[in-house]
Amino acid sequence: MDNSNLRDNVKSIFELALSQTTNQPGLQNLHHTLQQSYERLHQPMRVAIVGLIKAGKSTLMNALLGEAVVAVGTVEATFNINWLKYDNLPSLVVHFKDGRSPEPKSFEQLKALTLRAKENQDYLKSIKYIEVGYPNEILKTFNLIDTPGLESFYKDDAQNTLEFLKVHGKELTETTQAEASNADAVMYLFSQTISFTDASIMQAFSGPALGHATPINAIGLLTKVDAYWSDYDNPMEAGEKIAKRLSEHPQIKSLFYTISPICGLLALGAQTLTPKEFEILQQLAKVPETVLESKLRVKERFTQREYTDIPVSPAQRKLVWDKLGQYGVWLACSYIRSGVNNLQNLNEELLEYSGVSQLRKLIISHFGHRAYLIKLGTALRQIKNTCSQQRHNLQGKERQIVEEIAGKFEELEANEHGFAEFKVLRDYYDKKLDFDENEVQQLLQVTGEYGTSCGQRLGLDEKATVEEMLAIALKQTHYWQQRAADYLGSDRTSIAAAGVLVRSYERILYRVQKAKEYLDF
C-alpha cells in the first residue's frame with residue numbers, strides 16, 4: 001500500500017522533535033536517538049542472523065550473498081559482529097567498545113579480525129563491531145548482521161572450543177542479544193532440531209532481549225539439512241517434514257512467520273563452483289552409483305584413499321567435498337547423470353534444491369514489502385524507551401519537551417493503520433482469534449502476508465481487473481462489517497480484529513474506486 005502520507009507525517013514529527021531538542025543540554029541523549037532513528041528510516045533494513053553457536057550463520061550469510069565474504073570454520077568461528085553494507089568497493093572499518101576513533105583496515109584482514117585466535121583475543125575483545133562494505137546487490141536492500149552466536153555446548157566440540165565457550169560464551173550471547181534487539185528483523189537458525197537448550201533460548205527469544213521477535217519480523221531456518229543424508233535418501237524432504245512439525249509447536253508458531261529448511265553449504269558451493277570442480281564431478285558421475293555412495297559415506301575413505309575404480313585423485317575428491325559437502329557431491333553427480341551437462345545448469349539445480357533461492361524471495365516478500373513500517377516500529381520503540389528513561393530525571397521546560405515528543409510519537413503509532421494490522425497478525429499467531437479457515441485466509445491476505453498490492457491483499461492475481469478488485473473489496477468490506485457487529489457470537493479480541501479488517505478493506509476499496517475514476521476519466 002502507498003505510504004507516502006505516512007512518510008510525510010513521520011518527516012514532520014521528526015523535524016519538530018529534532019528542533020525542540022537542539023541545544024538542550026539535558027536532552028542530548030534523546031536528540032541523538034531521534035537523529036539515529038530518522039537516519040535509519042532512510043537506510044536499508046537491518047536483518048540480524050542469529051542462532052546457537054555452530055548453527056551455520058556465516059555459511060548462510062555467504063550463501064545469501066552468493067560468494068564467500070565472511071569467514072567460516074569447522075568450529076564456531078565468528079568472534080565479533082560483522083555488519084555488511086553495500087559499497088562500490090570492498091572496505092573494512094573496525095569500531096571499538098571504548099569509543100576510540102574507528103580504524104580502517106584492508107578488506108583482506110576480515111578473516112583475521114573475526115576468527116578467534118589466542119594471540120589476538122585482547123584486541124578482538126575490544127572490537128564493538130566490524131563494518132564491512134561490499135558490492136553485492138542484496139545489500140542495497142538489506143544490511144546483514146552476522147552475530148557471534150548464542151551460548152551452547154556440544155558433546156562433539158573440540159576441547160579448545162569448550163574452553164573458549166566457558167570463558168567467552170556468556171559475553172558472545174549478550175553481544176548477540178543486544179544486536180538482535182537493535183535490528184529491524186531477525187533470521188533465527190536452528191541446527192538440525194530443537195533440543196532442550198534451544199527451547200530455553202527460544203523462551204528468551206520471545207522478549208525484548210532478542211529483538212521483539214514476532215511472525216512479522218522473524219523467520220526460522222532449519223540449517224545443515226544436507227547432513228540428514230546419513231539417515232534419509234532425500235535430506236530436503238526430511239527437513240521439510242521436521243520444519244513443518246516444529247512450525248506447529250505453539251511456542252514456535254507465536255515467534256516465527258515460518259521455518260524453512262536450508263542447505264547453506266550446498267548453496268554456497270553451488271554458486272562458487274569452478275569449471276575445474278565441475279570437471280571433477282563429471283568424472284565422479286561416471287563411477288557406478290553403489291561404488292560412489294559406498295566411498296562417500298565415510299569422509300576419510302572418500303578424501304584420502306586411492307582407488308583403482310575411481311579415476312579421480314583423493315586431493316580432487318577432497319576439493320569437491322569441501323566445496324559441496326558429502327550430500328552435495330552425491331546430488332551433483334546425480335544431476336549430471338540425469339543430463340545436466342554444463343556448470344550453469346548444475347549451479348541452478350543445486351541452488352534450487354538448497355532452499356536458498358526460495359529464502360531470498362521470502363526475505364524480500366515478507367520483510368521487504370513492509371520494510372518502512374517495520375523500521376518505523378523499531379524507531380518508535382527506541383524513542384519510547386529513551387523518553388521513558390529521560391522524563392524521570394528532568395524538570396521544567398525539558399521535561400515538558402520530552403512529554404510532548406513522546407505524545408506525538410504515541411499518537412503517530414495509534415493512528416497508523418499498519419500498526420493496527422500488525423497487532424491483528426500478532427493476535428492470530430498467538431491464537432487469540434476465533435476466526436474460521438476462510439476468515440484466517442482473508443486476514444493473512446488483507447494484512448499483506450502474501451504481498452502488499454491491492455490485488456494481492458484481495459487474494460487476486462496480477463492480471464485482476466479494476467472491476468474484479470472493486471467487487472471483491474465491496475464484498476469483503478460488507479462481510480467484515482457484519483463480523484465486527486457480532487457482539488454475541490465472538491470474543492472482544494476477535495471483534496476488535498474484525499473492526500481493523502473493516503478499515504483495511506475500506507482503504508483498499510477507496511484506492512480501487514479512485515483508480516476506476518481515473519480510468520473512466
# chains A, B, ... in the order shown; residues from 1 in each chain; ligands from 1
>>> residues_around(residues="range 464-466 of chain A", least_positions_apart="2", cutoff="9 Å", atoms="only C-alpha atoms", output="PyMOL selection string")
chain A and resi 455+460-462+468-471+512-513+515-516
>>> write_last_selection(atoms="N, CA, C and O atoms", output="short mmCIF file (atom, residue, chain, number, x, y, z; two decimals), in the first residue's frame")
data_model
loop_
_atom_site.label_atom_id
_atom_site.label_comp_id
_atom_site.auth_asym_id
_atom_site.auth_seq_id
_atom_site.Cartn_x
_atom_site.Cartn_y
_atom_site.Cartn_z
N GLY A 455 -4.32 -5.87 -5.28
CA GLY A 455 -4.74 -7.17 -5.78
C GLY A 455 -4.32 -8.31 -4.87
O GLY A 455 -5.12 -9.22 -4.58
N LEU A 460 -6.20 -11.76 -5.19
CA LEU A 460 -6.30 -11.87 -6.64
C LEU A 460 -4.90 -11.89 -7.25
O LEU A 460 -3.93 -11.44 -6.63
N ASP A 461 -4.81 -12.39 -8.49
CA ASP A 461 -3.51 -12.43 -9.13
C ASP A 461 -3.21 -11.10 -9.82
O ASP A 461 -4.03 -10.17 -9.81
N GLU A 462 -2.03 -11.01 -10.44
CA GLU A 462 -1.57 -9.76 -11.03
C GLU A 462 -2.43 -9.32 -12.22
O GLU A 462 -2.42 -8.14 -12.59
N GLU A 468 -12.84 -6.38 -11.06
CA GLU A 468 -12.76 -7.56 -10.19
C GLU A 468 -12.32 -7.17 -8.79
O GLU A 468 -12.86 -7.67 -7.79
N MET A 469 -11.34 -6.29 -8.69
CA MET A 469 -10.88 -5.84 -7.37
C MET A 469 -11.97 -5.07 -6.64
O MET A 469 -12.16 -5.23 -5.43
N LEU A 470 -12.70 -4.27 -7.39
CA LEU A 470 -13.78 -3.47 -6.78
C LEU A 470 -14.86 -4.39 -6.21
O LEU A 470 -15.34 -4.17 -5.08
N ALA A 471 -15.23 -5.44 -6.95
CA ALA A 471 -16.27 -6.36 -6.49
C ALA A 471 -15.84 -7.09 -5.22
O ALA A 471 -16.62 -7.21 -4.26
N VAL A 512 -9.16 1.54 -4.95
CA VAL A 512 -9.63 0.93 -6.20
C VAL A 512 -10.67 1.85 -6.86
O VAL A 512 -10.69 2.00 -8.09
N GLN A 513 -11.53 2.46 -6.06
CA GLN A 513 -12.52 3.40 -6.61
C GLN A 513 -11.83 4.59 -7.27
O GLN A 513 -12.25 5.05 -8.35
N ALA A 515 -8.87 4.53 -8.58
CA ALA A 515 -8.27 4.02 -9.81
C ALA A 515 -9.31 3.90 -10.91
O ALA A 515 -9.05 4.23 -12.08
N LYS A 516 -10.52 3.47 -10.56
CA LYS A 516 -11.60 3.35 -11.55
C LYS A 516 -12.00 4.73 -12.09
O LYS A 516 -12.23 4.91 -13.29
#
>>> residues_around(residues="Tyr257 in chain A", least_positions_apart="6", cutoff="9 Å", atoms="only C-alpha atoms", output="CSV table (one decimal) with N, CA, C and O atoms, in the first residue's frame")
chain,number,residue,atom,x,y,z
A,214,THR,N,8.6,-11.5,16.4
A,214,THR,CA,7.2,-11.9,16.1
A,214,THR,C,7.2,-12.5,14.7
A,214,THR,O,8.1,-12.3,14.0
A,215,PRO,N,6.1,-13.1,14.4
A,215,PRO,CA,6.0,-13.6,13.0
A,215,PRO,C,6.1,-12.5,11.9
A,215,PRO,O,6.3,-12.9,10.8
A,216,ILE,N,5.9,-11.3,12.3
A,216,ILE,CA,6.0,-10.2,11.4
A,216,ILE,C,7.5,-9.9,11.0
A,216,ILE,O,7.8,-9.5,9.9
A,217,ASN,N,8.4,-10.1,12.0
A,217,ASN,CA,9.8,-9.7,11.7
A,217,ASN,C,10.8,-10.8,12.0
A,217,ASN,O,12.0,-10.5,12.1
A,218,ALA,N,10.3,-12.0,12.1
A,218,ALA,CA,11.2,-13.1,12.4
A,218,ALA,C,10.9,-14.4,11.5
A,218,ALA,O,9.8,-14.8,11.4
A,219,ILE,N,12.0,-15.0,11.0
A,219,ILE,CA,11.9,-16.2,10.2
A,219,ILE,C,12.8,-17.2,10.8
A,219,ILE,O,13.9,-16.9,11.2
A,220,GLY,N,12.3,-18.4,11.0
A,220,GLY,CA,13.2,-19.5,11.5
A,220,GLY,C,13.8,-20.3,10.4
A,220,GLY,O,13.1,-20.5,9.3
A,247,SER,N,7.0,-26.0,13.2
A,247,SER,CA,6.2,-24.9,12.9
A,247,SER,C,4.8,-25.0,13.6
A,247,SER,O,4.2,-24.0,13.9
A,366,HIS,N,8.5,-11.0,2.5
A,366,HIS,CA,8.0,-10.9,3.9
A,366,HIS,C,8.5,-9.7,4.6
A,366,HIS,O,7.8,-8.9,5.3
A,429,TYR,N,-1.3,-15.1,15.4
A,429,TYR,CA,-0.2,-16.1,15.6
A,429,TYR,C,-0.2,-16.5,17.1
A,429,TYR,O,0.3,-17.6,17.4
>>> select_by_dssp(residues="range 288-451 of chain A", states="helix (DSSP H, G or I)", output="ChimeraX atom specification")
/A:289-296,299-304,314-337,343-354,356-391,396-415,417-429,437-446
>>> closest_residue(among="A:Lys97, A:Arg492, A:Lys431, A:His417", to="Glu506 in chain A", atoms="only C-alpha atoms")
A:His417
>>> residues_around(residues="range 298-308 of chain A", least_positions_apart="2", cutoff="12 Å", atoms="only C-alpha atoms", output="mmCIF file with N, CA, C and O atoms, in the first residue's frame")
data_model
loop_
_atom_site.group_PDB
_atom_site.id
_atom_site.type_symbol
_atom_site.label_atom_id
_atom_site.label_comp_id
_atom_site.auth_asym_id
_atom_site.auth_seq_id
_atom_site.Cartn_x
_atom_site.Cartn_y
_atom_site.Cartn_z
ATOM 1 N N SER A 230 22.742 -39.072 6.049
ATOM 2 C CA SER A 230 23.135 -40.304 6.742
ATOM 3 C C SER A 230 21.909 -41.125 7.150
ATOM 4 O O SER A 230 22.017 -42.339 7.351
ATOM 5 N N LEU A 284 33.424 -38.135 -11.521
ATOM 6 C CA LEU A 284 32.831 -38.922 -10.430
ATOM 7 C C LEU A 284 31.464 -39.477 -10.823
ATOM 8 O O LEU A 284 31.072 -40.565 -10.372
ATOM 9 N N VAL A 287 31.341 -42.985 -12.170
ATOM 10 C CA VAL A 287 31.551 -44.101 -11.253
ATOM 11 C C VAL A 287 30.198 -44.741 -10.943
ATOM 12 O O VAL A 287 29.214 -44.033 -10.718
ATOM 13 N N VAL A 291 29.155 -47.850 -5.956
ATOM 14 C CA VAL A 291 30.569 -47.654 -5.587
ATOM 15 C C VAL A 291 30.773 -46.253 -5.025
ATOM 16 O O VAL A 291 31.415 -46.072 -3.980
ATOM 17 N N LEU A 292 30.227 -45.250 -5.711
ATOM 18 C CA LEU A 292 30.393 -43.862 -5.271
ATOM 19 C C LEU A 292 29.754 -43.643 -3.903
ATOM 20 O O LEU A 292 30.353 -43.017 -3.022
ATOM 21 N N GLU A 293 28.553 -44.183 -3.725
ATOM 22 C CA GLU A 293 27.859 -43.995 -2.447
ATOM 23 C C GLU A 293 28.645 -44.640 -1.312
ATOM 24 O O GLU A 293 28.776 -44.055 -0.224
ATOM 25 N N SER A 294 29.179 -45.821 -1.543
ATOM 26 C CA SER A 294 29.948 -46.515 -0.514
ATOM 27 C C SER A 294 31.145 -45.688 -0.065
ATOM 28 O O SER A 294 31.425 -45.574 1.138
ATOM 29 N N LYS A 295 31.842 -45.087 -1.019
ATOM 30 C CA LYS A 295 33.016 -44.279 -0.688
ATOM 31 C C LYS A 295 32.618 -42.971 -0.006
ATOM 32 O O LYS A 295 33.295 -42.489 0.912
ATOM 33 N N LEU A 296 31.501 -42.384 -0.450
ATOM 34 C CA LEU A 296 31.069 -41.084 0.085
ATOM 35 C C LEU A 296 30.596 -41.165 1.535
ATOM 36 O O LEU A 296 30.617 -40.162 2.247
ATOM 37 N N ILE A 310 38.044 -45.522 -9.137
ATOM 38 C CA ILE A 310 37.636 -44.114 -9.158
ATOM 39 C C ILE A 310 38.748 -43.310 -9.827
ATOM 40 O O ILE A 310 39.834 -43.152 -9.261
ATOM 41 N N PRO A 311 38.486 -42.782 -11.034
ATOM 42 C CA PRO A 311 39.522 -42.082 -11.804
ATOM 43 C C PRO A 311 39.745 -40.640 -11.369
ATOM 44 O O PRO A 311 39.964 -39.759 -12.198
ATOM 45 N N VAL A 312 39.689 -40.396 -10.061
ATOM 46 C CA VAL A 312 39.869 -39.044 -9.524
ATOM 47 C C VAL A 312 40.749 -39.161 -8.288
ATOM 48 O O VAL A 312 40.505 -40.017 -7.426
ATOM 49 N N SER A 313 41.746 -38.310 -8.159
ATOM 50 C CA SER A 313 42.678 -38.396 -7.033
ATOM 51 C C SER A 313 42.008 -37.984 -5.726
ATOM 52 O O SER A 313 41.009 -37.255 -5.724
ATOM 53 N N PRO A 314 42.542 -38.452 -4.594
ATOM 54 C CA PRO A 314 41.993 -38.037 -3.291
ATOM 55 C C PRO A 314 41.977 -36.516 -3.122
ATOM 56 O O PRO A 314 41.020 -35.962 -2.550
ATOM 57 N N ALA A 315 43.021 -35.824 -3.591
ATOM 58 C CA ALA A 315 43.068 -34.359 -3.460
ATOM 59 C C ALA A 315 41.917 -33.706 -4.206
ATOM 60 O O ALA A 315 41.309 -32.735 -3.730
ATOM 61 N N GLN A 316 41.600 -34.226 -5.390
ATOM 62 C CA GLN A 316 40.488 -33.675 -6.173
ATOM 63 C C GLN A 316 39.148 -33.984 -5.520
ATOM 64 O O GLN A 316 38.241 -33.153 -5.504
ATOM 65 N N ARG A 317 39.035 -35.191 -4.979
ATOM 66 C CA ARG A 317 37.797 -35.560 -4.282
ATOM 67 C C ARG A 317 37.584 -34.669 -3.055
ATOM 68 O O ARG A 317 36.460 -34.250 -2.755
ATOM 69 N N LYS A 318 38.666 -34.388 -2.345
ATOM 70 C CA LYS A 318 38.560 -33.511 -1.170
ATOM 71 C C LYS A 318 38.130 -32.107 -1.584
ATOM 72 O O LYS A 318 37.376 -31.433 -0.862
ATOM 73 N N LEU A 319 38.597 -31.678 -2.746
ATOM 74 C CA LEU A 319 38.247 -30.345 -3.241
ATOM 75 C C LEU A 319 36.737 -30.189 -3.383
ATOM 76 O O LEU A 319 36.151 -29.200 -2.927
ATOM 77 N N VAL A 320 36.074 -31.168 -4.012
ATOM 78 C CA VAL A 320 34.622 -31.050 -4.208
ATOM 79 C C VAL A 320 33.860 -31.360 -2.921
ATOM 80 O O VAL A 320 32.770 -30.830 -2.691
ATOM 81 N N TRP A 321 34.421 -32.228 -2.060
ATOM 82 C CA TRP A 321 33.782 -32.480 -0.750
ATOM 83 C C TRP A 321 33.752 -31.188 0.062
ATOM 84 O O TRP A 321 32.719 -30.830 0.635
ATOM 85 N N ASP A 322 34.891 -30.492 0.139
ATOM 86 C CA ASP A 322 34.958 -29.242 0.903
ATOM 87 C C ASP A 322 34.032 -28.186 0.309
ATOM 88 O O ASP A 322 33.500 -27.346 1.037
ATOM 89 N N GLY A 325 30.107 -30.447 0.256
ATOM 90 C CA GLY A 325 29.707 -31.334 1.326
ATOM 91 C C GLY A 325 29.423 -32.732 0.805
ATOM 92 O O GLY A 325 29.353 -32.977 -0.404
ATOM 93 N N GLN A 326 29.240 -33.646 1.722
ATOM 94 C CA GLN A 326 29.042 -35.056 1.384
ATOM 95 C C GLN A 326 27.837 -35.259 0.462
ATOM 96 O O GLN A 326 27.958 -35.826 -0.633
ATOM 97 N N TYR A 327 26.673 -34.779 0.893
ATOM 98 C CA TYR A 327 25.474 -34.984 0.077
ATOM 99 C C TYR A 327 25.520 -34.151 -1.198
ATOM 100 O O TYR A 327 25.014 -34.571 -2.243
ATOM 101 N N VAL A 329 28.025 -33.539 -3.138
ATOM 102 C CA VAL A 329 28.753 -34.270 -4.178
ATOM 103 C C VAL A 329 27.850 -35.332 -4.797
ATOM 104 O O VAL A 329 27.784 -35.489 -6.019
ATOM 105 N N TRP A 330 27.149 -36.070 -3.930
ATOM 106 C CA TRP A 330 26.245 -37.114 -4.418
ATOM 107 C C TRP A 330 25.137 -36.516 -5.289
ATOM 108 O O TRP A 330 24.837 -37.035 -6.378
#
>>> residues_around(residues="Arg399 in chain A", least_positions_apart="4", cutoff="10 Å", atoms="only C-alpha atoms", output="CSV table (one decimal) with N, CA and C atoms, in the first residue's frame")
chain,number,residue,atom,x,y,z
A,26,GLY,N,20.1,18.9,28.6
A,26,GLY,CA,19.6,17.7,29.2
A,26,GLY,C,19.0,16.7,28.3
A,27,LEU,N,18.9,17.1,27.0
A,27,LEU,CA,18.2,16.2,26.1
A,27,LEU,C,19.1,15.7,25.0
A,387,CYS,N,12.6,8.3,25.9
A,387,CYS,CA,11.7,9.2,26.6
A,387,CYS,C,11.4,8.8,28.0
A,390,GLN,N,14.4,9.3,30.3
A,390,GLN,CA,14.7,10.7,30.5
A,390,GLN,C,13.7,11.5,31.3
A,391,ARG,N,12.4,11.2,31.1
A,391,ARG,CA,11.4,12.1,31.7
A,391,ARG,C,11.5,12.1,33.2
A,392,HIS,N,12.0,11.0,33.8
A,392,HIS,CA,12.1,10.9,35.3
A,392,HIS,C,13.2,11.7,35.9
A,393,ASN,N,14.2,12.1,35.1
A,393,ASN,CA,15.3,12.8,35.6
A,393,ASN,C,15.3,14.3,35.2
A,394,LEU,N,14.2,14.8,34.6
A,394,LEU,CA,14.1,16.2,34.2
A,394,LEU,C,13.0,16.9,34.8
A,395,GLN,N,13.1,18.2,34.8
A,395,GLN,CA,12.0,19.1,35.3
A,395,GLN,C,11.8,20.3,34.4
A,403,GLU,N,7.8,15.1,27.2
A,403,GLU,CA,6.4,14.7,27.3
A,403,GLU,C,5.7,14.9,26.0
A,404,GLU,N,5.9,16.1,25.4
A,404,GLU,CA,5.3,16.5,24.1
A,404,GLU,C,5.8,15.6,23.0
A,405,ILE,N,7.1,15.3,23.0
A,405,ILE,CA,7.6,14.5,21.9
A,405,ILE,C,7.1,13.0,22.0
>>> closest_residue(among="A:Lys375, A:Arg457, A:Lys384, A:His42", to="Arg507 in chain A", atoms="only C-alpha atoms")
A:Arg457
>>> atom_distance(atom1="CA of Lys514 in chain A", atom2="CA of Gly459 in chain A")
19.6 Å
>>> residues_around(residues="Leu425 in chain A", least_positions_apart="3", cutoff="12 Å", atoms="only C-alpha atoms", output="PyMOL selection string")
chain A and resi 214-217+253-257+418-422+428-433+440-449+493-494+497-498+500-501
>>> residues_around(residues="Ser101 in chain A", least_positions_apart="5", cutoff="12 Å", atoms="only C-alpha atoms", output="list in words")
Val93, Val94, His95, Phe96, Ile127 and Lys128 of chain A
>>> select_by_dssp(residues="range 12-107 of chain A", states="strand (DSSP E or B)", output="list of chain:residue names")
A:Met45, A:Arg46, A:Val47, A:Ala48, A:Ile49, A:Val50, A:Gly51, A:Leu52, A:Thr78, A:Asn82, A:Trp83, A:Leu84, A:Lys85, A:Tyr86, A:Ser91, A:Leu92, A:Val93, A:Val94, A:His95, A:Phe96, A:Glu103, A:Pro104, A:Lys105
>>> atom_distance(atom1="CA of Phe278 in chain A", atom2="CA of Leu343 in chain A")
6.3 Å
>>> closest_residue(among="A:Leu380, A:Val502, A:Ala267, A:Leu351", to="Leu412 in chain A", atoms="only C-alpha atoms")
A:Leu380
>>> closest_atom_pairs(of="range 333-423 of chain A", to="range 61-64 of chain A", cutoff="10 Å", atoms="only C-alpha atoms", output="JSON lines")
{"residue": "A:Leu351", "atom": "CA", "partner": "A:Ala63", "partner_atom": "CA", "distance": 9.3}
{"residue": "A:Ser354", "atom": "CA", "partner": "A:Ala63", "partner_atom": "CA", "distance": 9.7}
{"residue": "A:Val356", "atom": "CA", "partner": "A:Leu64", "partner_atom": "CA", "distance": 6.8}
{"residue": "A:Ser357", "atom": "CA", "partner": "A:Leu64", "partner_atom": "CA", "distance": 8.4}
{"residue": "A:Leu359", "atom": "CA", "partner": "A:Leu64", "partner_atom": "CA", "distance": 8.4}
{"residue": "A:Arg360", "atom": "CA", "partner": "A:Leu64", "partner_atom": "CA", "distance": 7.0}
>>> write_last_selection(atoms="C-alpha atoms", output="PDB file, in the first residue's frame")
ATOM      1  CA  LEU A 351      20.801 -23.808  -5.624  1.00  0.00           C
ATOM      2  CA  SER A 354      19.238 -25.970  -1.268  1.00  0.00           C
ATOM      3  CA  VAL A 356      18.297 -20.538  -0.588  1.00  0.00           C
ATOM      4  CA  SER A 357      16.603 -19.288  -3.789  1.00  0.00           C
ATOM      5  CA  LEU A 359      14.680 -17.925   1.072  1.00  0.00           C
ATOM      6  CA  ARG A 360      15.821 -14.881  -0.908  1.00  0.00           C
TER       7      ARG A 360
END
>>> atom_distance(atom1="CA of Lys463 in chain A", atom2="CA of Tyr518 in chain A")
18.4 Å
>>> closest_residue(among="A:Ala414, A:Val340, A:Ala496, A:Ala379", to="Glu39 in chain A", atoms="only C-alpha atoms")
A:Ala379
>>> decode(residues="range 306-330 of chain A", atoms="N, CA and C atoms", output="mmCIF file, in the first residue's frame")
data_model
loop_
_atom_site.group_PDB
_atom_site.id
_atom_site.type_symbol
_atom_site.label_atom_id
_atom_site.label_comp_id
_atom_site.auth_asym_id
_atom_site.auth_seq_id
_atom_site.Cartn_x
_atom_site.Cartn_y
_atom_site.Cartn_z
ATOM 1 N N GLU A 306 43.381 -43.951 -2.139
ATOM 2 C CA GLU A 306 43.490 -44.181 -3.587
ATOM 3 C C GLU A 306 42.609 -45.381 -3.958
ATOM 4 N N TYR A 307 41.933 -45.282 -5.140
ATOM 5 C CA TYR A 307 41.098 -46.377 -5.612
ATOM 6 C C TYR A 307 41.319 -46.588 -7.101
ATOM 7 N N THR A 308 41.396 -47.858 -7.494
ATOM 8 C CA THR A 308 41.557 -48.150 -8.923
ATOM 9 C C THR A 308 40.259 -47.952 -9.692
ATOM 10 N N ASP A 309 39.107 -48.040 -9.009
ATOM 11 C CA ASP A 309 37.815 -47.908 -9.688
ATOM 12 C C ASP A 309 37.260 -46.482 -9.652
ATOM 13 N N ILE A 310 38.044 -45.522 -9.137
ATOM 14 C CA ILE A 310 37.636 -44.114 -9.158
ATOM 15 C C ILE A 310 38.748 -43.310 -9.827
ATOM 16 N N PRO A 311 38.486 -42.782 -11.034
ATOM 17 C CA PRO A 311 39.522 -42.082 -11.804
ATOM 18 C C PRO A 311 39.745 -40.640 -11.369
ATOM 19 N N VAL A 312 39.689 -40.396 -10.061
ATOM 20 C CA VAL A 312 39.869 -39.044 -9.524
ATOM 21 C C VAL A 312 40.749 -39.161 -8.288
ATOM 22 N N SER A 313 41.746 -38.310 -8.159
ATOM 23 C CA SER A 313 42.678 -38.396 -7.033
ATOM 24 C C SER A 313 42.008 -37.984 -5.726
ATOM 25 N N PRO A 314 42.542 -38.452 -4.594
ATOM 26 C CA PRO A 314 41.993 -38.037 -3.291
ATOM 27 C C PRO A 314 41.977 -36.516 -3.122
ATOM 28 N N ALA A 315 43.021 -35.824 -3.591
ATOM 29 C CA ALA A 315 43.068 -34.359 -3.460
ATOM 30 C C ALA A 315 41.917 -33.706 -4.206
ATOM 31 N N GLN A 316 41.600 -34.226 -5.390
ATOM 32 C CA GLN A 316 40.488 -33.675 -6.173
ATOM 33 C C GLN A 316 39.148 -33.984 -5.520
ATOM 34 N N ARG A 317 39.035 -35.191 -4.979
ATOM 35 C CA ARG A 317 37.797 -35.560 -4.282
ATOM 36 C C ARG A 317 37.584 -34.669 -3.055
ATOM 37 N N LYS A 318 38.666 -34.388 -2.345
ATOM 38 C CA LYS A 318 38.560 -33.511 -1.170
ATOM 39 C C LYS A 318 38.130 -32.107 -1.584
ATOM 40 N N LEU A 319 38.597 -31.678 -2.746
ATOM 41 C CA LEU A 319 38.247 -30.345 -3.241
ATOM 42 C C LEU A 319 36.737 -30.189 -3.383
ATOM 43 N N VAL A 320 36.074 -31.168 -4.012
ATOM 44 C CA VAL A 320 34.622 -31.050 -4.208
ATOM 45 C C VAL A 320 33.860 -31.360 -2.921
ATOM 46 N N TRP A 321 34.421 -32.228 -2.060
ATOM 47 C CA TRP A 321 33.782 -32.480 -0.750
ATOM 48 C C TRP A 321 33.752 -31.188 0.062
ATOM 49 N N ASP A 322 34.891 -30.492 0.139
ATOM 50 C CA ASP A 322 34.958 -29.242 0.903
ATOM 51 C C ASP A 322 34.032 -28.186 0.309
ATOM 52 N N LYS A 323 33.842 -28.211 -0.998
ATOM 53 C CA LYS A 323 33.017 -27.190 -1.648
ATOM 54 C C LYS A 323 31.519 -27.465 -1.482
ATOM 55 N N LEU A 324 31.091 -28.711 -1.663
ATOM 56 C CA LEU A 324 29.661 -29.032 -1.678
ATOM 57 C C LEU A 324 29.182 -29.841 -0.489
ATOM 58 N N GLY A 325 30.107 -30.447 0.256
ATOM 59 C CA GLY A 325 29.707 -31.334 1.326
ATOM 60 C C GLY A 325 29.423 -32.732 0.805
ATOM 61 N N GLN A 326 29.240 -33.646 1.722
ATOM 62 C CA GLN A 326 29.042 -35.056 1.384
ATOM 63 C C GLN A 326 27.837 -35.259 0.462
ATOM 64 N N TYR A 327 26.673 -34.779 0.893
ATOM 65 C CA TYR A 327 25.474 -34.984 0.077
ATOM 66 C C TYR A 327 25.520 -34.151 -1.198
ATOM 67 N N GLY A 328 26.138 -32.985 -1.122
ATOM 68 C CA GLY A 328 26.224 -32.132 -2.301
ATOM 69 C C GLY A 328 26.954 -32.801 -3.447
ATOM 70 N N VAL A 329 28.025 -33.539 -3.138
ATOM 71 C CA VAL A 329 28.753 -34.270 -4.178
ATOM 72 C C VAL A 329 27.850 -35.332 -4.797
ATOM 73 N N TRP A 330 27.149 -36.070 -3.930
ATOM 74 C CA TRP A 330 26.245 -37.114 -4.418
ATOM 75 C C TRP A 330 25.137 -36.516 -5.289
#
